[in-house]
Amino acid sequence: MSRLASGGLVDRSRRLSFTFDGRRLSGHPGDTLASALLANGVRLVGRSFKYHRPRGIFSAGSEEPNALMEIGVGARRTPNTRATRVMLTEGLVARSQNAWPSPAFDLMAVNDLAAPLLGAGFYYKTFMWPKSFWERVYEPLIRRAAGLGRLAGQDDPDVYDQAFAHADLLVIGAGPAGLMAALEAGEAGARVILADEDFTLGGRLNAETAPLAGAAPHAWAAHTVARLSAMPNVTLMPRTTVFGAYDGGMYGAVQEVAGHLAAPPEGCPRETHWRIRAQAAVLCAGAIERPVAFPGNDRPGVMLASALRSYITRFGVAPGQRVAVFTNNDDGWRTAQAVEAAGLTLAALIDSREGVSPPTLSGRVITGAVVTDTAGRRGLTGLTLRAGSRTEQLAVDCLAVSGGWNPTLHLTAHLGGRPEWDPGLAAFVPSAAHVPGLRVAGAAAGVFTTAGALAGGQAAAAEALAELGRTAPGLPLPEAEDMPPRLTPLWAVPARGRAWVDLQNDVTTKDIATARDEAFGAPEHLKRYTTLGMATDQGKTGNVLALGVLGALTGRGPEEVGTTTFRPPYTPVTLAALAGRHARGAFQPVREAPSNALARARGAPMIEAGLWKRAAYFPQAGDTSWRDACDREVGFVREAVGVSDVSTLGKIEITGPDAAALLDRVYTGTFSTLAPGRVRYGVMLREDGFVFDDGTTACLGPGHYVMTTTTANAGPVLRHLEFCLQVLWPELDAVCASVTEGWAQFAVAGPKGRALLERVVAEDVSDAAFPFMACGSVSVAGVPGRLFRISFSGERAWEIAVPSGHGDALARLLAEEAEALGGGLYGMEALNVLRIEKGHVTGAELHGRTTAFDCGFAKMMSSKKDYIGRAGAARPGLNGPERAQLVGVKPVDPGAKLLAGAKFLNRGAEAVAAEEQGDLTSVCHSPVLGHMIGLGFVVNGRARRGEVIRMVDLLRGADIEVEICAPHFVDPEGERLRG
Amino acid sequence: MRIPCPLCGERDLREFTPWGDAALMHRPGFDAGPEAAHAYLHLRENPAGPHRELSYHELGCAAWLVVTRNTLTHEVMGAALAGEGAEGGA
């Protein structure tokens, strides 16, 4: 066991048991999974991405490149979770990734021997030949060999939430700078949100020992958190990662509400995606230590110096018993001191700098020296160091490395800001604020002392408070260490052997040199060529090191090399959190047509039409397929009477003295001549001259109209009308309102339709009293309703509307009466057949690329007035024989099948795009004609009726002859309609 | 991004449907000829900086607004009802 005898912010009085790769282990409350693994002596936790090299825990934070694990079981198993960020809980189940059968004995480790083949850009080079092998052989092989964790492969049983929060000041990070900023603003009475990714607030204060306010720094942190939590105006959000900065003071954050538990309590979301809107914000995200590239620097047991200090101080864990520290800066000295203070053996403090004077230590101090190699198969057993011309080997089981610190400035760059190189700190620091309202304090701003962090956090809060019109209280600052660490940059140790830069993606200094030699030396190219800085850690430990290495290779400083682009999210965010509640049945709203209860009771399958559910057809006993039902329902309409729910069509009431003028300007036809009690069909264009929508508008009285739109365009047409009324012609005195949901509307169609209506409607519905295209108010079984004599089916038909609360009752009444007359309900399938037989267009034809001319509406385009799209429609190329025009088609062989989406070609033409004559947009089997029919668009089609062309579909292997005909297959003269 | 709707107050971006350059307010009639129609249909300024754009408060009050936004920073500098004298154009 590697738990120290004392110390650490863990509750040693309680044990938590967990498993790792099936082994039962235990830890304490306060542990992370990583600290608990180290406490159990587990050093080897996984295999690397490409070479399957043994890897151990490298860090103590969200920058972890190695210790990625699958956490949980069954449907809750989550891959690629950083063990350094997982709060240990009772019963936690963790598994290693990318190793088979185990991390200790991994068959794919053979990859490491093949490393010469797998260098930078290998997939662009080594596996190029033969070409056909890439897709079939190489890529599947590489994907199997390289990789991250496995998805659960099951439906996620948990719920995820989305929420908004508002604050005067958002403080990101709860280390010394963040706590002080929150305290200053909290005492000033501002609404403060303090968010931190950790489950224990305090940041580095929990991992350090230099006294703060005369006591252990974690004590001050805990005391301050307690003060803050007592303030009603301060919200503390632990386990919350602010992952992105957006415009307008918006910050994205993910809170592990119950994500740290094996299963969320009943009704509790696993994670919540917060959108935090803050008047001001302070980024106090600290800094991430960077490693040094030297041969063998990836063995389990090599870790960041700050991480070693965290494990000793915060968790009371010894990652090794015989430790060496390799540093280029004074901060590494503190790690050496912490090692000795914990009673561990300091084998050596190896400082790359000449002439520095580290503090007195029991262990050896070697300055002007570098580590040139390490040893140990599955974990570190020793190192080789070089001091001048002398080399020496040391037996160690842990090597702590510090190459300096990189401010965690990611959020400052999310809106396009570019970090600047500070040569004094040898680090990139945030440039002048590119995120309005965001300030940076503490180590994130390049201030690497506790005293500086406290003062910076307070100053940032004070500035924000001044902007908010509040007075900063100017709290006294506690006494804190104030020794900025000095540093001499060291990127890569010159020595033979593979030196890792990016541990997660197995990128070495040699790969960077290769990329540079092969002209991929710009940072963005380097990233793509070597995969440096990709995947879950996004190069948090490796990126700046790589830039330093690249700069050294090319004789440039990092400031000349520049960085890659920082984009949200800072750490990985689950798609489930982004989706929130919009999953499964709640993925989008569902709109139910008024007759759907009846339709479902009749066993009707539903078709989705936008958000609407509409009955497809009504099956009956003995049907062998949907076609039987569809043909029967077409027969109802053609022979007796059919009833169909058409409530989903958009309905817009337009009222006002200028309502008719508005209609004249939005429709191609004239509506100001429409008399009360009459209905007219209209076509609307977009301003570019293409058809936007079609439908009927009824004049219910002077200055009172009700417009119908297609189901899909109900919203867009209303938006368009509002645009016309508010933006283009605000002088028009008219208003419009959607009443789509207000009315249940049913088509009653067929030769026995009038007989049905006479049993339902009180008023006279004879041809004389209620001719074709009439409308009016009626009493429907005692309910005030509306009746329209319009037809989509080509039969004599009406649409009858009642307030939607009566829709279900009317549907049942109409169905019963229709059945008594030998008819019945018909669904969307029959409705589609009826309209194709009649040559009526729908969204399949009005798909945004067809003009009124194409569809045969030219005679409906008024030349006496301006209307939306008139100028656009008059453009050259939109009105002639070059256009594909609406036609009907029928197969020459009546048994042949038509396919919607197929292309038309002339006989003898090669099946290439340049020869296309148009396409087939709608097809159906016509029960009246006994064969398939279709609507489509053919170049100069109206002049080519009777011509035989080909319908070709290369994907579905069809090439048949079809005859071009008029788009009206049934009753072309409309006698059935009026008669 | 948040847009200060003159009727509803400051609202989240997702309540609005953006509709592009406010030059669309100045529709030439059919009589203005094909060149004017072409310009109205196709020619837009693409400024780097403050830009006046139409936006429809579709999930709110259904008002059409002219929103002034800095295209470089997404800073929203103001919003006015399109129907009440707000000037179009970039």
# chains A, B, ... in the order shown; residues from 1 in each chain; ligands from 1
>>> residues_around(residues="range 27-38 of chain B", least_positions_apart="2", cutoff="8 Å", atoms="only C-alpha atoms", output="PyMOL selection string")
(chain A and resi 728+866-867+870-872+875) or (chain B and resi 24-25+40-43)
>>> write_last_selection(atoms="C-alpha atoms", output="PDB file, in the first residue's frame")
ATOM      1  CA  LEU A 728     -42.456  46.169 -46.452  1.00  0.00           C
ATOM      2  CA  ASP A 866     -47.093  44.034 -58.559  1.00  0.00           C
ATOM      3  CA  TYR A 867     -46.736  41.087 -56.230  1.00  0.00           C
ATOM      4  CA  ARG A 870     -43.137  39.170 -59.994  1.00  0.00           C
ATOM      5  CA  ALA A 871     -39.829  40.734 -60.995  1.00  0.00           C
ATOM      6  CA  GLY A 872     -37.918  37.632 -59.977  1.00  0.00           C
ATOM      7  CA  ARG A 875     -36.012  36.875 -65.171  1.00  0.00           C
TER       8      ARG A 875
ATOM      9  CA  LEU B  24     -34.428  44.025 -47.604  1.00  0.00           C
ATOM     10  CA  MET B  25     -36.784  46.636 -46.174  1.00  0.00           C
ATOM     11  CA  TYR B  40     -32.554  43.820 -54.205  1.00  0.00           C
ATOM     12  CA  LEU B  41     -32.391  40.072 -54.665  1.00  0.00           C
ATOM     13  CA  HIS B  42     -28.682  39.499 -54.768  1.00  0.00           C
ATOM     14  CA  LEU B  43     -26.461  42.406 -53.800  1.00  0.00           C
TER      15      LEU B  43
END
>>> select_by_dssp(residues="range 156-349 of chain A", states="alpha helix (DSSP H)", output="PyMOL selection string")
chain A and resi 176-187+217-229+305-313+331-341
>>> interface_residues(of="chain A", to="chain B", cutoff="10 Å", atoms="only C-alpha atoms", output="PyMOL selection string")
chain A and resi 246-250+277+415-416+434-436+687-688+715-716+718-719+722-731+865-872+874-875
>>> write_last_selection(atoms="C-alpha atoms", output="short mmCIF file (atom, residue, chain, number, x, y, z; two decimals), in the first residue's frame")
data_model
loop_
_atom_site.label_atom_id
_atom_site.label_comp_id
_atom_site.auth_asym_id
_atom_site.auth_seq_id
_atom_site.Cartn_x
_atom_site.Cartn_y
_atom_site.Cartn_z
CA TYR A 246 -19.55 33.01 -25.91
CA ASP A 247 -20.68 36.45 -26.96
CA GLY A 248 -22.95 38.63 -24.88
CA GLY A 249 -21.56 37.45 -21.53
CA MET A 250 -22.73 33.88 -22.06
CA ARG A 277 -25.24 34.84 -18.42
CA LEU A 415 -13.82 34.52 -29.24
CA GLY A 416 -10.75 34.86 -31.40
CA HIS A 434 -11.12 39.46 -26.30
CA VAL A 435 -14.10 38.28 -24.31
CA PRO A 436 -16.00 41.42 -23.24
CA GLU A 687 -39.07 37.27 -54.11
CA ASP A 688 -36.72 35.34 -56.41
CA GLY A 715 -45.07 28.93 -39.90
CA PRO A 716 -43.05 30.33 -42.79
CA LEU A 718 -47.21 33.55 -41.31
CA ARG A 719 -43.67 34.91 -40.95
CA GLU A 722 -45.85 39.54 -40.95
CA PHE A 723 -42.78 40.59 -42.92
CA CYS A 724 -45.01 42.14 -45.57
CA LEU A 725 -47.19 43.91 -43.02
CA GLN A 726 -44.48 45.09 -40.64
CA VAL A 727 -41.44 45.58 -42.83
CA LEU A 728 -42.46 46.17 -46.45
CA TRP A 729 -45.82 47.87 -46.14
CA PRO A 730 -46.42 49.06 -42.59
CA GLU A 731 -49.00 51.45 -44.02
CA LYS A 865 -50.36 44.47 -60.38
CA ASP A 866 -47.09 44.03 -58.56
CA TYR A 867 -46.74 41.09 -56.23
CA ILE A 868 -43.92 39.40 -54.33
CA GLY A 869 -41.75 37.60 -56.85
CA ARG A 870 -43.14 39.17 -59.99
CA ALA A 871 -39.83 40.73 -61.00
CA GLY A 872 -37.92 37.63 -59.98
CA ALA A 874 -39.74 37.50 -65.08
CA ARG A 875 -36.01 36.87 -65.17
#
>>> atom_distance(atom1="CA of Val683 in chain A", atom2="CA of Val970 in chain A")
22.7 Å
>>> residues_around(residues="Leu59 in chain B", least_positions_apart="5", cutoff="10 Å", atoms="only C-alpha atoms", output="ChimeraX atom specification")
/B:14-17
>>> write_last_selection(atoms="all heavy atoms", output="mmCIF file, in the first residue's frame")
data_model
loop_
_atom_site.group_PDB
_atom_site.id
_atom_site.type_symbol
_atom_site.label_atom_id
_atom_site.label_comp_id
_atom_site.auth_asym_id
_atom_site.auth_seq_id
_atom_site.Cartn_x
_atom_site.Cartn_y
_atom_site.Cartn_z
ATOM 1 N N ARG B 14 -32.145 32.489 -29.311
ATOM 2 C CA ARG B 14 -32.883 31.397 -29.949
ATOM 3 C C ARG B 14 -34.369 31.671 -30.108
ATOM 4 O O ARG B 14 -35.071 30.898 -30.733
ATOM 5 C CB ARG B 14 -32.639 30.096 -29.179
ATOM 6 C CG ARG B 14 -31.296 29.501 -29.535
ATOM 7 C CD ARG B 14 -30.864 28.490 -28.542
ATOM 8 N NE ARG B 14 -30.749 29.108 -27.233
ATOM 9 C CZ ARG B 14 -30.629 28.445 -26.119
ATOM 10 N NH1 ARG B 14 -30.642 27.157 -26.125
ATOM 11 N NH2 ARG B 14 -30.493 29.089 -24.978
ATOM 12 N N GLU B 15 -34.867 32.781 -29.536
ATOM 13 C CA GLU B 15 -36.258 33.140 -29.779
ATOM 14 C C GLU B 15 -36.435 33.817 -31.134
ATOM 15 O O GLU B 15 -37.561 34.038 -31.571
ATOM 16 C CB GLU B 15 -36.755 34.082 -28.672
ATOM 17 C CG GLU B 15 -36.823 33.421 -27.304
ATOM 18 C CD GLU B 15 -37.423 34.341 -26.252
ATOM 19 O OE1 GLU B 15 -37.932 35.431 -26.616
ATOM 20 O OE2 GLU B 15 -37.368 33.982 -25.078
ATOM 21 N N PHE B 16 -35.334 34.159 -31.782
ATOM 22 C CA PHE B 16 -35.404 34.992 -32.981
ATOM 23 C C PHE B 16 -35.023 34.209 -34.231
ATOM 24 O O PHE B 16 -34.219 33.281 -34.173
ATOM 25 C CB PHE B 16 -34.461 36.180 -32.837
ATOM 26 C CG PHE B 16 -34.815 37.106 -31.700
ATOM 27 C CD1 PHE B 16 -34.388 36.833 -30.407
ATOM 28 C CD2 PHE B 16 -35.595 38.231 -31.915
ATOM 29 C CE1 PHE B 16 -34.723 37.661 -29.350
ATOM 30 C CE2 PHE B 16 -35.930 39.070 -30.863
ATOM 31 C CZ PHE B 16 -35.492 38.786 -29.574
ATOM 32 N N THR B 17 -35.602 34.627 -35.355
ATOM 33 C CA THR B 17 -35.208 34.087 -36.646
ATOM 34 C C THR B 17 -34.459 35.185 -37.390
ATOM 35 O O THR B 17 -35.043 36.215 -37.718
ATOM 36 C CB THR B 17 -36.448 33.680 -37.457
ATOM 37 O OG1 THR B 17 -37.196 32.754 -36.693
ATOM 38 C CG2 THR B 17 -36.047 33.059 -38.784
#
>>> residues_around(residues="Pro176 in chain A", least_positions_apart="2", cutoff="9 Å", atoms="only C-alpha atoms", output="list in words")
Gly173, Ala174, Gly178, Leu179, Met180, Ala181, Gly202, Gly203, Arg204, Leu205, Ala221, Cys284, Gly442, Thr450, Ala451, Ala453, Leu454 and Gly457 of chain A
>>> select_by_dssp(residues="range 7-89 of chain B", states="strand (DSSP E)", output="list in words")
Gly9, Glu10, Arg11, Asp12, Thr17, Pro18, Trp19, Gly20, Asp21, Pro50, His51, Arg52, Glu53, Leu54, Ser55, Tyr56, Trp64, Leu65, Val66, Val67, Thr68, Arg69, Asn70, Val76, Met77, Gly78, Ala79, Ala80 and Leu81 of chain B
>>> closest_residue(among="A:Cys965, A:Ala546, A:Val282, A:Ala195", to="Val242 in chain A", atoms="only C-alpha atoms")
A:Ala195
>>> residues_around(residues="Ala774 in chain A", least_positions_apart="3", cutoff="12 Å", atoms="only C-alpha atoms", output="VMD selection string")
chain A and resid 674 to 681 696 to 700 765 to 771 777 786 to 791 797 to 799 978
>>> write_last_selection(atoms="N, CA, C and O atoms", output="compact mmCIF listing (two decimals), in the first residue's frame")
# COMPACT_ATOMS: atom_id res chain seq x y z
N LEU A 674 -62.35 39.03 -54.86
CA LEU A 674 -63.03 37.88 -54.27
C LEU A 674 -64.18 38.35 -53.38
O LEU A 674 -63.99 39.15 -52.47
N ALA A 675 -65.38 37.87 -53.68
CA ALA A 675 -66.56 38.34 -52.95
C ALA A 675 -66.72 37.56 -51.66
O ALA A 675 -66.28 36.41 -51.56
N PRO A 676 -67.36 38.15 -50.65
CA PRO A 676 -67.67 37.40 -49.44
C PRO A 676 -68.44 36.13 -49.80
O PRO A 676 -69.30 36.14 -50.70
N GLY A 677 -68.09 35.05 -49.12
CA GLY A 677 -68.75 33.77 -49.41
C GLY A 677 -68.08 32.99 -50.52
O GLY A 677 -68.61 31.97 -50.95
N ARG A 678 -66.93 33.48 -51.00
CA ARG A 678 -66.24 32.79 -52.09
C ARG A 678 -64.81 32.43 -51.69
O ARG A 678 -64.20 33.09 -50.85
N VAL A 679 -64.29 31.38 -52.34
CA VAL A 679 -62.94 30.89 -52.07
C VAL A 679 -62.15 30.94 -53.37
O VAL A 679 -62.71 30.76 -54.45
N ARG A 680 -60.86 31.20 -53.29
CA ARG A 680 -60.02 31.20 -54.49
C ARG A 680 -58.69 30.49 -54.17
O ARG A 680 -58.18 30.61 -53.07
N TYR A 681 -58.19 29.78 -55.17
CA TYR A 681 -56.89 29.13 -55.04
C TYR A 681 -55.81 30.14 -55.38
O TYR A 681 -55.96 30.92 -56.32
N THR A 696 -55.73 27.80 -50.54
CA THR A 696 -56.93 28.58 -50.84
C THR A 696 -57.10 29.68 -49.80
O THR A 696 -56.64 29.53 -48.65
N THR A 697 -57.73 30.77 -50.21
CA THR A 697 -58.11 31.79 -49.25
C THR A 697 -59.60 32.06 -49.42
O THR A 697 -60.10 32.22 -50.55
N ALA A 698 -60.30 32.03 -48.30
CA ALA A 698 -61.74 32.23 -48.31
C ALA A 698 -62.06 33.62 -47.78
O ALA A 698 -61.44 34.07 -46.82
N CYS A 699 -63.02 34.27 -48.43
CA CYS A 699 -63.49 35.57 -47.94
C CYS A 699 -64.74 35.33 -47.11
O CYS A 699 -65.79 34.95 -47.63
N LEU A 700 -64.60 35.49 -45.80
CA LEU A 700 -65.72 35.21 -44.90
C LEU A 700 -66.64 36.43 -44.76
O LEU A 700 -67.77 36.31 -44.30
N VAL A 765 -77.08 22.90 -48.64
CA VAL A 765 -75.78 22.75 -49.28
C VAL A 765 -75.95 22.31 -50.74
O VAL A 765 -75.06 21.69 -51.32
N SER A 766 -77.08 22.63 -51.31
CA SER A 766 -77.30 22.30 -52.73
C SER A 766 -76.35 23.11 -53.60
O SER A 766 -75.79 24.12 -53.15
N ASP A 767 -76.16 22.65 -54.86
CA ASP A 767 -75.28 23.39 -55.78
C ASP A 767 -75.73 24.82 -55.95
O ASP A 767 -74.92 25.73 -56.09
N ALA A 768 -77.01 25.02 -55.91
CA ALA A 768 -77.53 26.38 -56.10
C ALA A 768 -77.18 27.26 -54.91
O ALA A 768 -76.71 28.39 -55.07
N ALA A 769 -77.35 26.72 -53.71
CA ALA A 769 -77.11 27.54 -52.52
C ALA A 769 -75.63 27.58 -52.16
O ALA A 769 -75.16 28.55 -51.56
N PHE A 770 -74.90 26.52 -52.53
CA PHE A 770 -73.52 26.41 -52.08
C PHE A 770 -72.67 25.83 -53.20
O PHE A 770 -72.23 24.67 -53.15
N PRO A 771 -72.44 26.63 -54.26
CA PRO A 771 -71.76 26.10 -55.44
C PRO A 771 -70.26 25.88 -55.19
O PRO A 771 -69.74 26.25 -54.14
N SER A 777 -70.63 30.31 -43.02
CA SER A 777 -70.83 29.79 -41.68
C SER A 777 -71.99 28.81 -41.70
O SER A 777 -73.00 29.04 -42.37
N ARG A 786 -67.67 26.22 -40.03
CA ARG A 786 -67.45 26.83 -41.34
C ARG A 786 -67.44 25.73 -42.38
O ARG A 786 -66.97 24.61 -42.11
N LEU A 787 -67.96 26.07 -43.58
CA LEU A 787 -67.99 25.09 -44.67
C LEU A 787 -67.35 25.73 -45.90
O LEU A 787 -67.59 26.90 -46.21
N PHE A 788 -66.50 24.96 -46.57
CA PHE A 788 -65.82 25.44 -47.78
C PHE A 788 -66.06 24.42 -48.88
O PHE A 788 -65.81 23.22 -48.67
N ARG A 789 -66.49 24.85 -50.04
CA ARG A 789 -66.72 23.91 -51.14
C ARG A 789 -65.44 23.88 -51.98
O ARG A 789 -65.33 24.55 -53.02
N ILE A 790 -64.45 23.18 -51.50
CA ILE A 790 -63.18 23.08 -52.20
C ILE A 790 -62.79 21.62 -52.31
O ILE A 790 -63.31 20.78 -51.57
N SER A 791 -61.88 21.31 -53.22
CA SER A 791 -61.55 19.91 -53.45
C SER A 791 -60.08 19.73 -53.76
O SER A 791 -59.53 20.41 -54.62
N ALA A 797 -66.43 17.99 -53.38
CA ALA A 797 -65.91 17.89 -52.01
C ALA A 797 -66.12 19.18 -51.24
O ALA A 797 -66.29 20.26 -51.82
N TRP A 798 -66.12 19.03 -49.94
CA TRP A 798 -66.25 20.15 -49.01
C TRP A 798 -65.19 19.99 -47.93
O TRP A 798 -64.69 18.90 -47.69
N GLU A 799 -64.86 21.10 -47.31
CA GLU A 799 -64.12 20.99 -46.06
C GLU A 799 -64.97 21.64 -44.99
O GLU A 799 -65.48 22.76 -45.17
N ARG A 978 -67.65 19.75 -60.11
CA ARG A 978 -68.74 20.74 -60.05
C ARG A 978 -70.10 20.06 -60.03
O ARG A 978 -71.04 20.57 -59.45
>>> atom_distance(atom1="CA of His273 in chain A", atom2="CA of Gly20 in chain B")
29.7 Å
>>> closest_residue(among="A:Leu4, A:His52, A:Ala809, A:Gly22", to="Ala114 in chain A", atoms="only C-alpha atoms")
A:His52
>>> decode(residues="range 33-55 of chain B", atoms="N, CA and C atoms", output="tab-separated table (two decimals), in the first residue's frame")
chain	number	residue	atom	x	y	z
B	33	GLY	N	-37.77	48.06	-62.53
B	33	GLY	CA	-36.96	47.42	-63.56
B	33	GLY	C	-36.08	46.30	-63.04
B	34	PRO	N	-35.56	45.51	-63.97
B	34	PRO	CA	-34.82	44.31	-63.61
B	34	PRO	C	-33.52	44.59	-62.85
B	35	GLU	N	-32.85	45.72	-63.16
B	35	GLU	CA	-31.59	45.99	-62.45
B	35	GLU	C	-31.84	46.20	-60.96
B	36	ALA	N	-32.90	46.95	-60.68
B	36	ALA	CA	-33.24	47.19	-59.27
B	36	ALA	C	-33.65	45.90	-58.59
B	37	ALA	N	-34.39	45.06	-59.31
B	37	ALA	CA	-34.82	43.78	-58.74
B	37	ALA	C	-33.60	42.90	-58.47
B	38	HIS	N	-32.67	42.91	-59.42
B	38	HIS	CA	-31.44	42.12	-59.26
B	38	HIS	C	-30.66	42.58	-58.02
B	39	ALA	N	-30.53	43.88	-57.89
B	39	ALA	CA	-29.78	44.42	-56.75
B	39	ALA	C	-30.47	44.03	-55.43
B	40	TYR	N	-31.80	44.14	-55.42
B	40	TYR	CA	-32.55	43.82	-54.21
B	40	TYR	C	-32.42	42.34	-53.84
B	41	LEU	N	-32.45	41.51	-54.90
B	41	LEU	CA	-32.39	40.07	-54.66
B	41	LEU	C	-31.01	39.60	-54.24
B	42	HIS	N	-29.98	40.15	-54.87
B	42	HIS	CA	-28.68	39.50	-54.77
B	42	HIS	C	-27.56	40.31	-54.13
B	43	LEU	N	-27.63	41.63	-54.20
B	43	LEU	CA	-26.46	42.41	-53.80
B	43	LEU	C	-26.58	42.81	-52.33
B	44	ARG	N	-25.61	42.39	-51.55
B	44	ARG	CA	-25.61	42.71	-50.12
B	44	ARG	C	-24.25	43.25	-49.73
B	45	GLU	N	-24.26	44.18	-48.80
B	45	GLU	CA	-23.02	44.56	-48.16
B	45	GLU	C	-22.62	43.44	-47.21
B	46	ASN	N	-21.34	43.29	-46.99
B	46	ASN	CA	-20.87	42.26	-46.05
B	46	ASN	C	-19.88	42.92	-45.10
B	47	PRO	N	-20.38	43.84	-44.28
B	47	PRO	CA	-19.45	44.66	-43.50
B	47	PRO	C	-18.79	43.89	-42.36
B	48	ALA	N	-17.54	44.23	-42.11
B	48	ALA	CA	-16.86	43.75	-40.91
B	48	ALA	C	-17.01	44.84	-39.87
B	49	GLY	N	-17.96	44.65	-38.98
B	49	GLY	CA	-18.24	45.69	-37.99
B	49	GLY	C	-19.74	45.82	-37.82
B	50	PRO	N	-20.22	47.00	-37.45
B	50	PRO	CA	-21.66	47.16	-37.20
B	50	PRO	C	-22.47	46.87	-38.46
B	51	HIS	N	-23.54	46.14	-38.29
B	51	HIS	CA	-24.37	45.71	-39.41
B	51	HIS	C	-25.82	45.75	-38.95
B	52	ARG	N	-26.69	46.22	-39.84
B	52	ARG	CA	-28.12	46.29	-39.48
B	52	ARG	C	-28.83	45.11	-40.14
B	53	GLU	N	-29.49	44.33	-39.33
B	53	GLU	CA	-30.07	43.09	-39.83
B	53	GLU	C	-31.51	42.94	-39.36
B	54	LEU	N	-32.30	42.30	-40.20
B	54	LEU	CA	-33.68	42.00	-39.81
B	54	LEU	C	-33.71	40.74	-38.95
B	55	SER	N	-34.61	40.74	-38.00
B	55	SER	CA	-34.76	39.58	-37.14
B	55	SER	C	-36.23	39.50	-36.74
